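The file final_0.tsv contains TSV, C-alpha atoms and all ligand atoms:
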```tsv
chain	number	residue	atom	x	y	z
Q	19	MET	CA	0.00	0.00	0.00
Q	20	SER	CA	1.32	3.46	-0.85
Q	21	GLU	CA	2.20	5.86	1.93
Q	22	VAL	CA	-0.39	8.54	2.72
Q	23	THR	CA	0.98	11.95	1.72
Q	24	LEU	CA	-0.46	15.32	2.63
Q	25	PRO	CA	-1.65	17.33	-0.36
Q	26	ASN	CA	0.56	20.28	-1.25
Q	27	LEU	CA	-2.42	22.61	-1.41
Q	28	TYR	CA	-5.67	22.54	0.51
Q	29	LEU	CA	-8.60	24.79	-0.41
Q	30	VAL	CA	-10.47	25.51	2.79
Q	31	PRO	CA	-14.00	26.98	2.82
Q	32	THR	CA	-14.70	29.56	5.53
Q	33	PRO	CA	-18.07	30.86	6.84
Q	34	ILE	CA	-20.23	33.13	4.66
Q	35	GLY	CA	-21.63	34.88	7.73
Q	36	ASN	CA	-22.22	32.61	10.69
Q	37	LEU	CA	-18.88	31.75	12.26
Q	38	GLN	CA	-20.27	28.43	13.53
Q	39	ASP	CA	-20.22	27.14	9.96
Q	40	ILE	CA	-16.50	26.36	9.95
Q	41	THR	CA	-15.95	22.58	9.91
Q	42	LEU	CA	-13.83	20.68	12.42
Q	43	ARG	CA	-11.69	19.46	9.56
Q	44	ALA	CA	-11.18	23.00	8.21
Q	45	ILE	CA	-9.80	24.01	11.62
Q	46	GLU	CA	-7.54	20.97	11.70
Q	47	VAL	CA	-6.16	21.64	8.20
Q	48	LEU	CA	-5.61	25.35	8.87
Q	49	LYS	CA	-3.72	24.51	12.07
Q	50	ALA	CA	-1.50	22.06	10.19
Q	51	ALA	CA	-0.66	24.32	7.21
Q	52	ASP	CA	2.86	25.76	6.95
Q	53	VAL	CA	1.36	28.87	5.39
Q	54	ILE	CA	-2.21	30.11	4.98
Q	55	LEU	CA	-2.81	32.00	1.75
Q	56	ALA	CA	-5.58	34.55	2.27
Q	57	GLU	CA	-7.43	36.89	-0.07
Q	58	ASP	CA	-7.43	39.64	2.58
Q	59	THR	CA	-5.06	38.97	5.47
Q	60	ARG	CA	-6.90	41.43	7.75
Q	61	THR	CA	-10.32	39.80	7.22
Q	62	SER	CA	-8.90	36.28	7.57
Q	63	GLY	CA	-6.70	37.36	10.49
Q	64	LYS	CA	-9.87	38.09	12.49
Q	65	LEU	CA	-11.37	34.68	11.70
Q	66	LEU	CA	-8.13	32.86	12.51
Q	67	LYS	CA	-7.84	34.77	15.79
Q	68	HIS	CA	-11.40	33.75	16.65
Q	69	LEU	CA	-10.48	30.12	15.90
Q	70	GLU	CA	-7.22	30.47	17.87
Q	71	ILE	CA	-5.18	29.50	14.82
Q	72	SER	CA	-1.78	31.06	14.61
Q	73	ARG	CA	-0.06	30.22	11.33
Q	74	PRO	CA	1.92	32.46	8.96
Q	75	LEU	CA	-0.43	34.35	6.63
Q	76	GLN	CA	0.43	35.40	3.10
Q	77	SER	CA	-1.78	37.47	0.83
Q	78	TYR	CA	-3.08	35.84	-2.33
Q	79	HIS	CA	-5.58	37.81	-4.38
Q	80	ILE	CA	-6.52	38.60	-7.98
Q	81	PHE	CA	-4.00	41.45	-8.14
Q	82	ASN	CA	-0.95	39.35	-7.23
Q	83	GLU	CA	-1.90	35.78	-8.20
Q	84	HIS	CA	-0.20	35.83	-11.62
Q	85	LYS	CA	2.99	37.17	-10.03
Q	86	THR	CA	3.09	34.78	-7.07
Q	87	VAL	CA	1.81	31.50	-8.46
Q	88	GLU	CA	5.15	30.28	-9.84
Q	89	LYS	CA	7.00	30.91	-6.56
Q	90	LEU	CA	4.25	29.21	-4.57
Q	91	VAL	CA	4.43	26.11	-6.76
Q	92	GLN	CA	8.22	26.02	-6.25
Q	93	ARG	CA	7.78	26.27	-2.48
Q	94	MET	CA	5.29	23.38	-2.62
Q	95	LYS	CA	7.85	21.33	-4.57
Q	96	ASP	CA	10.35	22.16	-1.83
Q	97	GLY	CA	8.00	20.61	0.71
Q	98	GLU	CA	5.84	23.41	2.16
Q	99	HIS	CA	2.13	22.73	2.65
Q	100	PHE	CA	-0.31	25.55	1.93
Q	101	ALA	CA	-3.96	26.21	2.71
Q	102	LEU	CA	-5.87	28.72	0.59
Q	103	ILE	CA	-8.83	30.61	2.03
Q	104	SER	CA	-10.89	33.49	0.65
Q	105	ASP	CA	-12.77	36.23	2.49
Q	106	ALA	CA	-15.85	34.00	2.69
Q	107	GLY	CA	-17.09	30.71	1.31
Q	108	THR	CA	-15.21	28.32	-0.93
Q	109	PRO	CA	-12.01	29.60	-2.54
Q	110	ALA	CA	-12.10	29.67	-6.36
Q	111	ILE	CA	-15.90	30.04	-6.44
Q	112	SER	CA	-16.15	33.63	-7.76
Q	113	ASP	CA	-12.92	34.15	-5.82
Q	114	PRO	CA	-9.19	33.65	-6.46
Q	115	GLY	CA	-8.03	30.05	-6.62
Q	116	PHE	CA	-8.54	28.60	-10.10
Q	117	LEU	CA	-5.13	29.72	-11.40
Q	118	LEU	CA	-3.27	28.26	-8.42
Q	119	VAL	CA	-5.16	24.95	-8.63
Q	120	ARG	CA	-4.41	24.67	-12.35
Q	121	GLU	CA	-0.71	25.40	-11.93
Q	122	VAL	CA	-0.30	23.12	-8.90
Q	123	LEU	CA	-1.88	20.25	-10.83
Q	124	ALA	CA	0.19	21.04	-13.93
Q	125	ALA	CA	3.32	20.71	-11.76
Q	126	GLY	CA	2.22	17.19	-10.78
Q	127	LEU	CA	1.40	18.20	-7.19
Q	128	ASP	CA	-1.73	17.44	-5.16
Q	129	VAL	CA	-4.76	19.60	-4.41
Q	130	GLN	CA	-7.58	18.81	-2.02
Q	131	THR	CA	-10.69	20.94	-1.55
Q	132	LEU	CA	-12.60	20.57	1.68
Q	133	PRO	CA	-16.41	20.65	1.47
Q	134	GLY	CA	-17.94	23.54	3.38
Q	135	PRO	CA	-19.68	26.90	3.18
Q	136	THR	CA	-20.53	28.43	-0.18
Q	137	ALA	CA	-23.39	30.82	-0.87
Q	138	PHE	CA	-24.94	29.27	-3.96
Q	139	VAL	CA	-25.88	25.88	-2.49
Q	140	PRO	CA	-28.18	27.09	0.33
Q	141	ALA	CA	-29.64	29.73	-2.02
Q	142	LEU	CA	-30.44	27.13	-4.67
Q	143	VAL	CA	-31.98	24.72	-2.19
Q	144	ASN	CA	-33.91	27.49	-0.34
Q	145	SER	CA	-35.38	28.75	-3.60
Q	146	GLY	CA	-37.70	25.77	-3.94
Q	147	LEU	CA	-36.89	25.74	-7.66
Q	148	PRO	CA	-35.77	22.49	-9.34
Q	149	ASN	CA	-32.20	21.68	-8.31
Q	150	ASP	CA	-31.68	18.31	-9.99
Q	151	ARG	CA	-29.99	20.30	-12.77
Q	152	PHE	CA	-28.79	23.89	-12.48
Q	153	ILE	CA	-26.18	26.28	-13.83
Q	154	PHE	CA	-23.98	28.61	-11.85
Q	155	GLU	CA	-23.51	31.93	-13.65
Q	156	GLY	CA	-21.58	33.78	-10.92
Q	157	PHE	CA	-21.53	37.57	-11.41
Q	158	LEU	CA	-22.96	38.92	-14.66
Q	159	PRO	CA	-20.57	41.30	-16.43
Q	160	HIS	CA	-21.28	44.87	-15.28
Q	161	LYS	CA	-21.20	46.47	-18.71
Q	162	LYS	CA	-19.45	44.89	-21.70
Q	163	GLY	CA	-20.92	41.50	-22.60
Q	164	ARG	CA	-23.78	41.77	-20.10
Q	165	LYS	CA	-26.60	41.76	-22.66
Q	166	THR	CA	-24.98	38.94	-24.66
Q	167	ARG	CA	-24.71	36.81	-21.50
Q	168	ILE	CA	-28.38	37.41	-20.62
Q	169	ASP	CA	-29.55	36.79	-24.20
Q	170	GLY	CA	-27.58	33.53	-24.20
Q	171	LEU	CA	-29.70	32.33	-21.24
Q	172	VAL	CA	-33.12	32.97	-22.79
Q	173	ASP	CA	-33.63	29.31	-23.78
Q	174	GLU	CA	-31.94	27.85	-20.68
Q	175	VAL	CA	-34.21	25.23	-19.11
Q	176	ARG	CA	-32.08	24.59	-16.00
Q	177	THR	CA	-32.39	26.70	-12.86
Q	178	MET	CA	-29.89	29.57	-13.00
Q	179	VAL	CA	-27.85	30.89	-10.08
Q	180	PHE	CA	-26.31	34.39	-10.06
Q	181	TYR	CA	-24.21	36.28	-7.54
Q	182	GLU	CA	-25.32	39.88	-7.19
Q	183	SER	CA	-24.61	43.10	-5.30
Q	184	THR	CA	-27.16	45.37	-3.66
Q	185	HIS	CA	-26.67	48.21	-6.10
Q	186	ARG	CA	-27.17	46.06	-9.20
Q	187	ILE	CA	-29.94	43.66	-8.14
Q	188	MET	CA	-32.83	45.87	-9.37
Q	189	LYS	CA	-31.19	46.38	-12.75
Q	190	THR	CA	-30.60	42.62	-13.02
Q	191	LEU	CA	-34.18	41.72	-12.05
Q	192	GLU	CA	-35.49	44.21	-14.61
Q	193	GLN	CA	-33.21	43.00	-17.40
Q	194	LEU	CA	-34.02	39.35	-16.67
Q	195	ALA	CA	-37.76	40.15	-16.60
Q	196	GLU	CA	-37.42	41.75	-19.99
Q	197	ALA	CA	-35.43	38.84	-21.44
Q	198	PHE	CA	-37.22	35.87	-19.77
Q	199	GLY	CA	-40.69	37.35	-19.14
Q	200	ALA	CA	-41.88	39.04	-15.94
Q	201	ASP	CA	-43.78	35.93	-14.80
Q	202	ARG	CA	-40.62	33.80	-14.44
Q	203	GLN	CA	-40.22	32.42	-10.88
Q	204	ALA	CA	-37.16	33.46	-8.91
Q	205	CYS	CA	-35.75	33.78	-5.40
Q	206	VAL	CA	-33.52	36.46	-3.90
Q	207	SER	CA	-31.51	35.09	-0.96
Q	208	ARG	CA	-29.97	37.82	1.14
Q	209	GLU	CA	-27.55	37.62	4.04
Q	210	LEU	CA	-27.53	33.82	4.15
Q	211	THR	CA	-26.59	32.36	7.55
Q	212	LYS	CA	-26.69	35.86	9.13
Q	213	ILE	CA	-29.20	37.38	11.58
Q	214	HIS	CA	-31.14	39.17	8.83
Q	215	GLU	CA	-31.27	36.26	6.37
Q	216	GLU	CA	-34.16	36.66	3.93
Q	217	ASN	CA	-35.34	34.48	1.06
Q	218	ALA	CA	-37.83	36.38	-1.11
Q	219	ARG	CA	-39.64	34.14	-3.58
Q	220	GLY	CA	-41.98	35.11	-6.41
Q	221	THR	CA	-42.11	36.09	-10.04
Q	222	LEU	CA	-39.53	38.54	-11.33
Q	223	ALA	CA	-42.31	41.17	-11.46
Q	224	GLU	CA	-43.26	40.49	-7.82
Q	225	LEU	CA	-39.65	40.71	-6.69
Q	226	ILE	CA	-39.17	44.02	-8.53
Q	227	ALA	CA	-42.31	45.41	-6.84
Q	228	TYR	CA	-41.14	44.10	-3.45
Q	229	TYR	CA	-37.70	45.73	-3.67
Q	230	GLN	CA	-39.23	49.02	-4.79
Q	231	THR	CA	-40.61	49.35	-1.26
Q	232	HIS	CA	-38.04	47.33	0.73
Q	233	PRO	CA	-34.41	48.40	0.84
Q	234	VAL	CA	-32.04	45.74	-0.51
Q	235	LYS	CA	-29.12	45.39	1.88
Q	236	GLY	CA	-26.31	42.87	2.21
Q	237	GLU	CA	-25.00	40.06	0.06
Q	238	ILE	CA	-27.26	38.45	-2.51
Q	239	VAL	CA	-27.71	35.25	-4.49
Q	240	LEU	CA	-30.38	35.35	-7.18
Q	241	VAL	CA	-31.88	32.04	-8.32
Q	242	VAL	CA	-34.08	32.04	-11.42
Q	243	ALA	CA	-36.21	29.23	-12.81
Q	244	GLY	CA	-35.26	27.89	-16.21
Q	245	LYS	CA	-37.55	28.19	-19.23
Q	246	ASN	CA	-40.50	25.79	-19.21
Q	247	PRO	CA	-39.44	23.29	-21.91
Q	248	LYS	CA	-43.09	23.02	-23.05
Q	249	SER	CA	-43.44	26.78	-23.69
N	301	LIG	N1	-16.48	32.20	-2.53
N	301	LIG	C1	-17.80	32.62	-2.19
N	301	LIG	C2	-18.73	31.39	-2.19
N	301	LIG	O1	-18.23	30.28	-2.08
N	301	LIG	O2	-19.94	31.55	-2.25
N	301	LIG	C3	-18.31	33.72	-3.10
N	301	LIG	C4	-17.45	34.95	-3.10
N	301	LIG	S1	-18.06	36.24	-4.10
N	301	LIG	C5	-16.70	37.34	-4.10
N	301	LIG	C6	-19.15	37.08	-3.04
N	301	LIG	C7	-20.62	36.92	-3.45
N	301	LIG	O3	-21.12	35.70	-2.91
N	301	LIG	C8	-21.53	38.01	-2.89
N	301	LIG	O4	-21.53	39.15	-3.72
N	301	LIG	C9	-22.87	37.30	-2.93
N	301	LIG	O5	-23.39	37.27	-4.24
N	301	LIG	C10	-22.46	35.87	-2.53
N	301	LIG	N2	-22.53	35.72	-1.06
N	301	LIG	C11	-21.51	35.55	-0.22
N	301	LIG	N3	-21.95	35.43	1.05
N	301	LIG	C12	-23.29	35.54	1.00
N	301	LIG	C13	-24.34	35.51	1.97
N	301	LIG	N4	-24.07	35.37	3.27
N	301	LIG	N5	-25.62	35.65	1.55
N	301	LIG	C14	-25.91	35.80	0.24
N	301	LIG	N6	-24.96	35.84	-0.71
N	301	LIG	C15	-23.68	35.71	-0.35
```
Re-express the file's structure as structure tokens.
Ligand code: SAM
Amino acid sequence: MSEVTLPNLYLVPTPIGNLQDITLRAIEVLKAADVILAEDTRTSGKLLKHLEISRPLQSYHIFNEHKTVEKLVQRMKDGEHFALISDAGTPAISDPGFLLVREVLAAGLDVQTLPGPTAFVPALVNSGLPNDRFIFEGFLPHKKGRKTRIDGLVDEVRTMVFYESTHRIMKTLEQLAEAFGADRQACVSRELTKIHEENARGTLAELIAYYQTHPVKGEIVLVVAGKNPKS
């Protein structure tokens, strides 16, 4: 039997709001890492302090990933074990991580991703919309390519999941209503796992009307039903 070796890189999900959502294994892996790579060392520093984890922290974010990835891979080859975390949720899901995973694998090294918090799964399940098949669209482009992306989803029959911000949600609901029809079912999940969690379900028209009178605050996942294949 081959010897068990620790992966060179662990991706470790962290809470998306409620600090209780860290897993026992995530704590164990973070405590064992030689270095923790963090999107924002100040944000992650607070979490690690709360968890009483004291390991060297190094910043790893979209502005330095291309520059640092090669050196990190070399350090892994030299025997260091890294854990990557992002500000919240699962690294590489609408967060930095993909590039590092790709390069670590290309170098013949090991990657392991721990299961754990991510915003789109509870939003999808909470929506009550079919989840046997779905597509994750992440953030829509803000300007260039936005309309093309939305138009490309008009005939999509699977449930669609989008990440959104408070200042763009109304525009997105309106544009999707125009493209898909205002009677399309959807769900806006706000502040998941936090004190003010809210899951607003209804047609796109109902959600637009609701948010005209209710302020939209916090972090948002928008889940939209796919096209009825019979229509
Ligand atoms: N890596 C994260 C994950 O695994 O979900 C996503 C990071 S992305 C930069 C941040 C976006 O995730 C937010 O703009 C929002 O769309 C979504 N999000 C994160 N936390 C959330 C929460 N507590 N409630 C609702 N949406 C959340």
Find the residues near ligand LIG 301 (chain N). Use a cut-off of 6 Å, count all atoms listed in the file, and write them as a list of chain:residue names.
Q:Ile34, Q:Gly35, Q:Ala106, Q:Gly107, Q:Thr108, Q:Pro109, Q:Ile111, Q:Ser112, Q:Asp113, Q:Thr136, Q:Ala137, Q:Phe138, Q:Tyr181, Q:Glu182, Q:Ser183, Q:Ser207, Q:Arg208, Q:Glu209, Q:Leu210, Q:Thr211, Q:Glu237, Q:Ile238, Q:Val239
Could you write out as AutoDock Vina command-line options the box around region 120-137 of chain Q (axis-aligned, all atoms listed in the file, 6 Å on each side), with centre and edge lengths in Å to one decimal?
```
--center_x -10.0 --center_y 24.0 --center_z -5.3 --size_x 38.7 --size_y 25.6 --size_z 29.3
```
Judged by all atoms listed in the file, the minimum distance to Val53 (chain Q) among Q:Ser72, Q:Gln193, Q:Thr166, Q:Gln92 is found for Q:Ser72
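The nearest approach to Ile213 (chain Q) among the residues Q:Gly236, Q:Lys95, Q:Lys67, Q:Ile187, with all atoms listed in the file taken into account, belongs to Q:Gly236.
Considering the residues Q:Ala56, Q:Val143, Q:Leu118, Q:Val172 and counting only C-alpha atoms, Lys85 (chain Q) has its shortest atom-to-atom contact with Q:Leu118.
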Original post:
Which polymer residues have any atom within 8 Å of an atom of Leu127 (chain Q), counting only C-alpha atoms, with same-chain residues fewer than 6 positions away left out, as a VMD selection string?
Top reply: chain Q and resid 25 to 26 94 to 95
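Of the listed residues Q:Pro148, Q:Pro33, Q:Gly220, Q:Pro159, the one whose atoms come nearest to Pro133 (chain Q) is Q:Pro33, with distances taken using only C-alpha atoms.
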Two-atom distance - CA of Ala44 (chain Q), CA of Pro140 (chain Q) (Å):
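Interatomic distance here is 19.2 Å.
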Taken to one decimal, the CA of Gly115 (chain Q)-CA of Ala101 (chain Q) distance is 10.9 Å
Margin query: So that I can check the surroundings of Phe116 (chain Q), please list as a PyMOL selection string every protein, DNA and RNA residue that reaches within 12 Å of it, counting all atoms listed in the file and ignoring chain neighbours fewer than 2 positions away.
Written below: chain Q and resi 29+78-80+83-84+87+102+108-114+118-123+129+131
**OP:** Determine the nearest neighbour of Asn82 (chain Q) from the options Q:Leu117, Q:Val139, Q:Val242, Q:Leu69, counting all atoms listed in the file.
**Re:**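 When distances to Asn82 (chain Q) are compared using all atoms listed in the file, the smallest one comes from Q:Leu117.
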Expressed in Å, the length from CA of Arg186 (chain Q) to CA of Asp39 (chain Q) is 27.8 Å
Q.
Excluding Arg202 (chain Q) and its own-chain neighbours fewer than 5 positions away, which residues fall within 10 Å of it when counting only C-alpha atoms? Please give them as a list in words.
A. Leu194, Ala195, Gly220, Thr221, Leu222, Ala223, Glu224, Val242, Ala243, Gly244, Lys245 and Asn246 of chain Q
**Counting only C-alpha atoms, the option among Q:Leu158, Q:Glu196, Q:Ile54, Q:Ala125 closest to Glu88 (chain Q)** =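 Nearest to Glu88 (chain Q): Q:Ala125.
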Next on the checklist: Please list as a count of residues only every residue within 9 Å of Asp52 (chain Q), counting all atoms listed in the file and excluding residues in the same chain fewer than 6 positions away.
Outcome noted: 6
Using only C-alpha atoms, can you list as a ChimeraX atom specification the residues within 7 Å of (-0.5, 39.3, 6.6)? /Q:59-60,75-77
List the neighbours of Val206 (chain Q) out to 7 Å using all atoms listed in the file; skip same-chain residues closer than 4 positions along the sequence, and give me the result as an NGL selection string.
:Q and (217-219 or 238-241)
Could you write out the selected residues, including C-alpha atoms, as a PDB file, keeping the file's coordinate frame?
```
ATOM      1  CA  ASN Q 217     -35.340  34.480   1.060  1.00  0.00           C
ATOM      2  CA  ALA Q 218     -37.830  36.380  -1.110  1.00  0.00           C
ATOM      3  CA  ARG Q 219     -39.640  34.140  -3.580  1.00  0.00           C
ATOM      4  CA  ILE Q 238     -27.260  38.450  -2.510  1.00  0.00           C
ATOM      5  CA  VAL Q 239     -27.710  35.250  -4.490  1.00  0.00           C
ATOM      6  CA  LEU Q 240     -30.380  35.350  -7.180  1.00  0.00           C
ATOM      7  CA  VAL Q 241     -31.880  32.040  -8.320  1.00  0.00           C
TER       8      VAL Q 241
END
```
Output file request: region 79-104 of chain Q, with N, CA, C and O atoms, as a PDB file, in the first residue's frame.
```
ATOM      1  N   HIS Q  79      -4.337  37.239  -3.847  1.00  0.00           N
ATOM      2  CA  HIS Q  79      -5.576  37.811  -4.379  1.00  0.00           C
ATOM      3  C   HIS Q  79      -5.449  38.047  -5.889  1.00  0.00           C
ATOM      4  O   HIS Q  79      -4.358  37.839  -6.445  1.00  0.00           O
ATOM      5  N   ILE Q  80      -6.539  38.498  -6.506  1.00  0.00           N
ATOM      6  CA  ILE Q  80      -6.522  38.598  -7.984  1.00  0.00           C
ATOM      7  C   ILE Q  80      -5.444  39.552  -8.496  1.00  0.00           C
ATOM      8  O   ILE Q  80      -5.022  39.435  -9.630  1.00  0.00           O
ATOM      9  N   PHE Q  81      -4.993  40.482  -7.653  1.00  0.00           N
ATOM     10  CA  PHE Q  81      -4.004  41.449  -8.140  1.00  0.00           C
ATOM     11  C   PHE Q  81      -2.569  40.932  -8.053  1.00  0.00           C
ATOM     12  O   PHE Q  81      -1.676  41.505  -8.659  1.00  0.00           O
ATOM     13  N   ASN Q  82      -2.332  39.854  -7.290  1.00  0.00           N
ATOM     14  CA  ASN Q  82      -0.946  39.353  -7.233  1.00  0.00           C
ATOM     15  C   ASN Q  82      -0.831  37.875  -7.630  1.00  0.00           C
ATOM     16  O   ASN Q  82       0.250  37.315  -7.603  1.00  0.00           O
ATOM     17  N   GLU Q  83      -1.966  37.230  -7.981  1.00  0.00           N
ATOM     18  CA  GLU Q  83      -1.899  35.781  -8.205  1.00  0.00           C
ATOM     19  C   GLU Q  83      -0.989  35.396  -9.372  1.00  0.00           C
ATOM     20  O   GLU Q  83      -0.238  34.437  -9.286  1.00  0.00           O
ATOM     21  N   HIS Q  84      -1.038  36.177 -10.458  1.00  0.00           N
ATOM     22  CA  HIS Q  84      -0.201  35.831 -11.617  1.00  0.00           C
ATOM     23  C   HIS Q  84       1.279  35.939 -11.262  1.00  0.00           C
ATOM     24  O   HIS Q  84       2.104  35.165 -11.733  1.00  0.00           O
ATOM     25  N   LYS Q  85       1.595  36.922 -10.410  1.00  0.00           N
ATOM     26  CA  LYS Q  85       2.989  37.169 -10.026  1.00  0.00           C
ATOM     27  C   LYS Q  85       3.508  36.118  -9.039  1.00  0.00           C
ATOM     28  O   LYS Q  85       4.675  35.780  -9.054  1.00  0.00           O
ATOM     29  N   THR Q  86       2.619  35.624  -8.167  1.00  0.00           N
ATOM     30  CA  THR Q  86       3.094  34.776  -7.067  1.00  0.00           C
ATOM     31  C   THR Q  86       2.963  33.278  -7.328  1.00  0.00           C
ATOM     32  O   THR Q  86       3.600  32.486  -6.646  1.00  0.00           O
ATOM     33  N   VAL Q  87       2.148  32.911  -8.309  1.00  0.00           N
ATOM     34  CA  VAL Q  87       1.805  31.498  -8.458  1.00  0.00           C
ATOM     35  C   VAL Q  87       3.030  30.599  -8.686  1.00  0.00           C
ATOM     36  O   VAL Q  87       3.158  29.530  -8.087  1.00  0.00           O
ATOM     37  N   GLU Q  88       3.967  31.085  -9.506  1.00  0.00           N
ATOM     38  CA  GLU Q  88       5.151  30.277  -9.842  1.00  0.00           C
ATOM     39  C   GLU Q  88       5.995  29.996  -8.589  1.00  0.00           C
ATOM     40  O   GLU Q  88       6.423  28.866  -8.347  1.00  0.00           O
ATOM     41  N   LYS Q  89       6.205  31.061  -7.788  1.00  0.00           N
ATOM     42  CA  LYS Q  89       7.002  30.912  -6.558  1.00  0.00           C
ATOM     43  C   LYS Q  89       6.313  29.972  -5.570  1.00  0.00           C
ATOM     44  O   LYS Q  89       6.955  29.169  -4.894  1.00  0.00           O
ATOM     45  N   LEU Q  90       4.991  30.071  -5.508  1.00  0.00           N
ATOM     46  CA  LEU Q  90       4.248  29.209  -4.572  1.00  0.00           C
ATOM     47  C   LEU Q  90       4.403  27.750  -4.973  1.00  0.00           C
ATOM     48  O   LEU Q  90       4.623  26.879  -4.133  1.00  0.00           O
ATOM     49  N   VAL Q  91       4.290  27.487  -6.278  1.00  0.00           N
ATOM     50  CA  VAL Q  91       4.434  26.106  -6.760  1.00  0.00           C
ATOM     51  C   VAL Q  91       5.832  25.584  -6.422  1.00  0.00           C
ATOM     52  O   VAL Q  91       5.989  24.451  -5.966  1.00  0.00           O
ATOM     53  N   GLN Q  92       6.842  26.434  -6.589  1.00  0.00           N
ATOM     54  CA  GLN Q  92       8.215  26.016  -6.254  1.00  0.00           C
ATOM     55  C   GLN Q  92       8.328  25.687  -4.759  1.00  0.00           C
ATOM     56  O   GLN Q  92       8.936  24.687  -4.376  1.00  0.00           O
ATOM     57  N   ARG Q  93       7.714  26.520  -3.936  1.00  0.00           N
ATOM     58  CA  ARG Q  93       7.780  26.266  -2.484  1.00  0.00           C
ATOM     59  C   ARG Q  93       7.064  24.957  -2.128  1.00  0.00           C
ATOM     60  O   ARG Q  93       7.475  24.237  -1.223  1.00  0.00           O
ATOM     61  N   MET Q  94       5.988  24.668  -2.849  1.00  0.00           N
ATOM     62  CA  MET Q  94       5.294  23.381  -2.621  1.00  0.00           C
ATOM     63  C   MET Q  94       6.192  22.224  -3.012  1.00  0.00           C
ATOM     64  O   MET Q  94       6.277  21.220  -2.312  1.00  0.00           O
ATOM     65  N   LYS Q  95       6.911  22.394  -4.131  1.00  0.00           N
ATOM     66  CA  LYS Q  95       7.846  21.335  -4.574  1.00  0.00           C
ATOM     67  C   LYS Q  95       8.939  21.139  -3.531  1.00  0.00           C
ATOM     68  O   LYS Q  95       9.433  20.039  -3.333  1.00  0.00           O
ATOM     69  N   ASP Q  96       9.300  22.232  -2.856  1.00  0.00           N
ATOM     70  CA  ASP Q  96      10.353  22.157  -1.826  1.00  0.00           C
ATOM     71  C   ASP Q  96       9.829  21.606  -0.499  1.00  0.00           C
ATOM     72  O   ASP Q  96      10.563  21.526   0.472  1.00  0.00           O
ATOM     73  N   GLY Q  97       8.509  21.312  -0.463  1.00  0.00           N
ATOM     74  CA  GLY Q  97       8.000  20.606   0.714  1.00  0.00           C
ATOM     75  C   GLY Q  97       7.042  21.375   1.615  1.00  0.00           C
ATOM     76  O   GLY Q  97       6.537  20.829   2.589  1.00  0.00           O
ATOM     77  N   GLU Q  98       6.775  22.670   1.302  1.00  0.00           N
ATOM     78  CA  GLU Q  98       5.840  23.411   2.158  1.00  0.00           C
ATOM     79  C   GLU Q  98       4.388  23.044   1.820  1.00  0.00           C
ATOM     80  O   GLU Q  98       4.051  22.806   0.659  1.00  0.00           O
ATOM     81  N   HIS Q  99       3.556  23.024   2.845  1.00  0.00           N
ATOM     82  CA  HIS Q  99       2.132  22.728   2.650  1.00  0.00           C
ATOM     83  C   HIS Q  99       1.313  23.992   2.863  1.00  0.00           C
ATOM     84  O   HIS Q  99       1.456  24.658   3.885  1.00  0.00           O
ATOM     85  N   PHE Q 100       0.456  24.306   1.892  1.00  0.00           N
ATOM     86  CA  PHE Q 100      -0.305  25.546   1.927  1.00  0.00           C
ATOM     87  C   PHE Q 100      -1.803  25.267   2.076  1.00  0.00           C
ATOM     88  O   PHE Q 100      -2.306  24.238   1.610  1.00  0.00           O
ATOM     89  N   ALA Q 101      -2.490  26.221   2.703  1.00  0.00           N
ATOM     90  CA  ALA Q 101      -3.957  26.207   2.709  1.00  0.00           C
ATOM     91  C   ALA Q 101      -4.409  27.538   2.128  1.00  0.00           C
ATOM     92  O   ALA Q 101      -3.888  28.592   2.513  1.00  0.00           O
ATOM     93  N   LEU Q 102      -5.340  27.480   1.183  1.00  0.00           N
ATOM     94  CA  LEU Q 102      -5.872  28.720   0.589  1.00  0.00           C
ATOM     95  C   LEU Q 102      -7.264  28.976   1.130  1.00  0.00           C
ATOM     96  O   LEU Q 102      -8.125  28.082   1.121  1.00  0.00           O
ATOM     97  N   ILE Q 103      -7.483  30.209   1.618  1.00  0.00           N
ATOM     98  CA  ILE Q 103      -8.835  30.605   2.032  1.00  0.00           C
ATOM     99  C   ILE Q 103      -9.185  31.908   1.320  1.00  0.00           C
ATOM    100  O   ILE Q 103      -8.298  32.637   0.877  1.00  0.00           O
ATOM    101  N   SER Q 104     -10.491  32.182   1.196  1.00  0.00           N
ATOM    102  CA  SER Q 104     -10.886  33.486   0.645  1.00  0.00           C
ATOM    103  C   SER Q 104     -11.605  34.246   1.759  1.00  0.00           C
ATOM    104  O   SER Q 104     -11.705  33.766   2.881  1.00  0.00           O
TER     105      SER Q 104
END
```
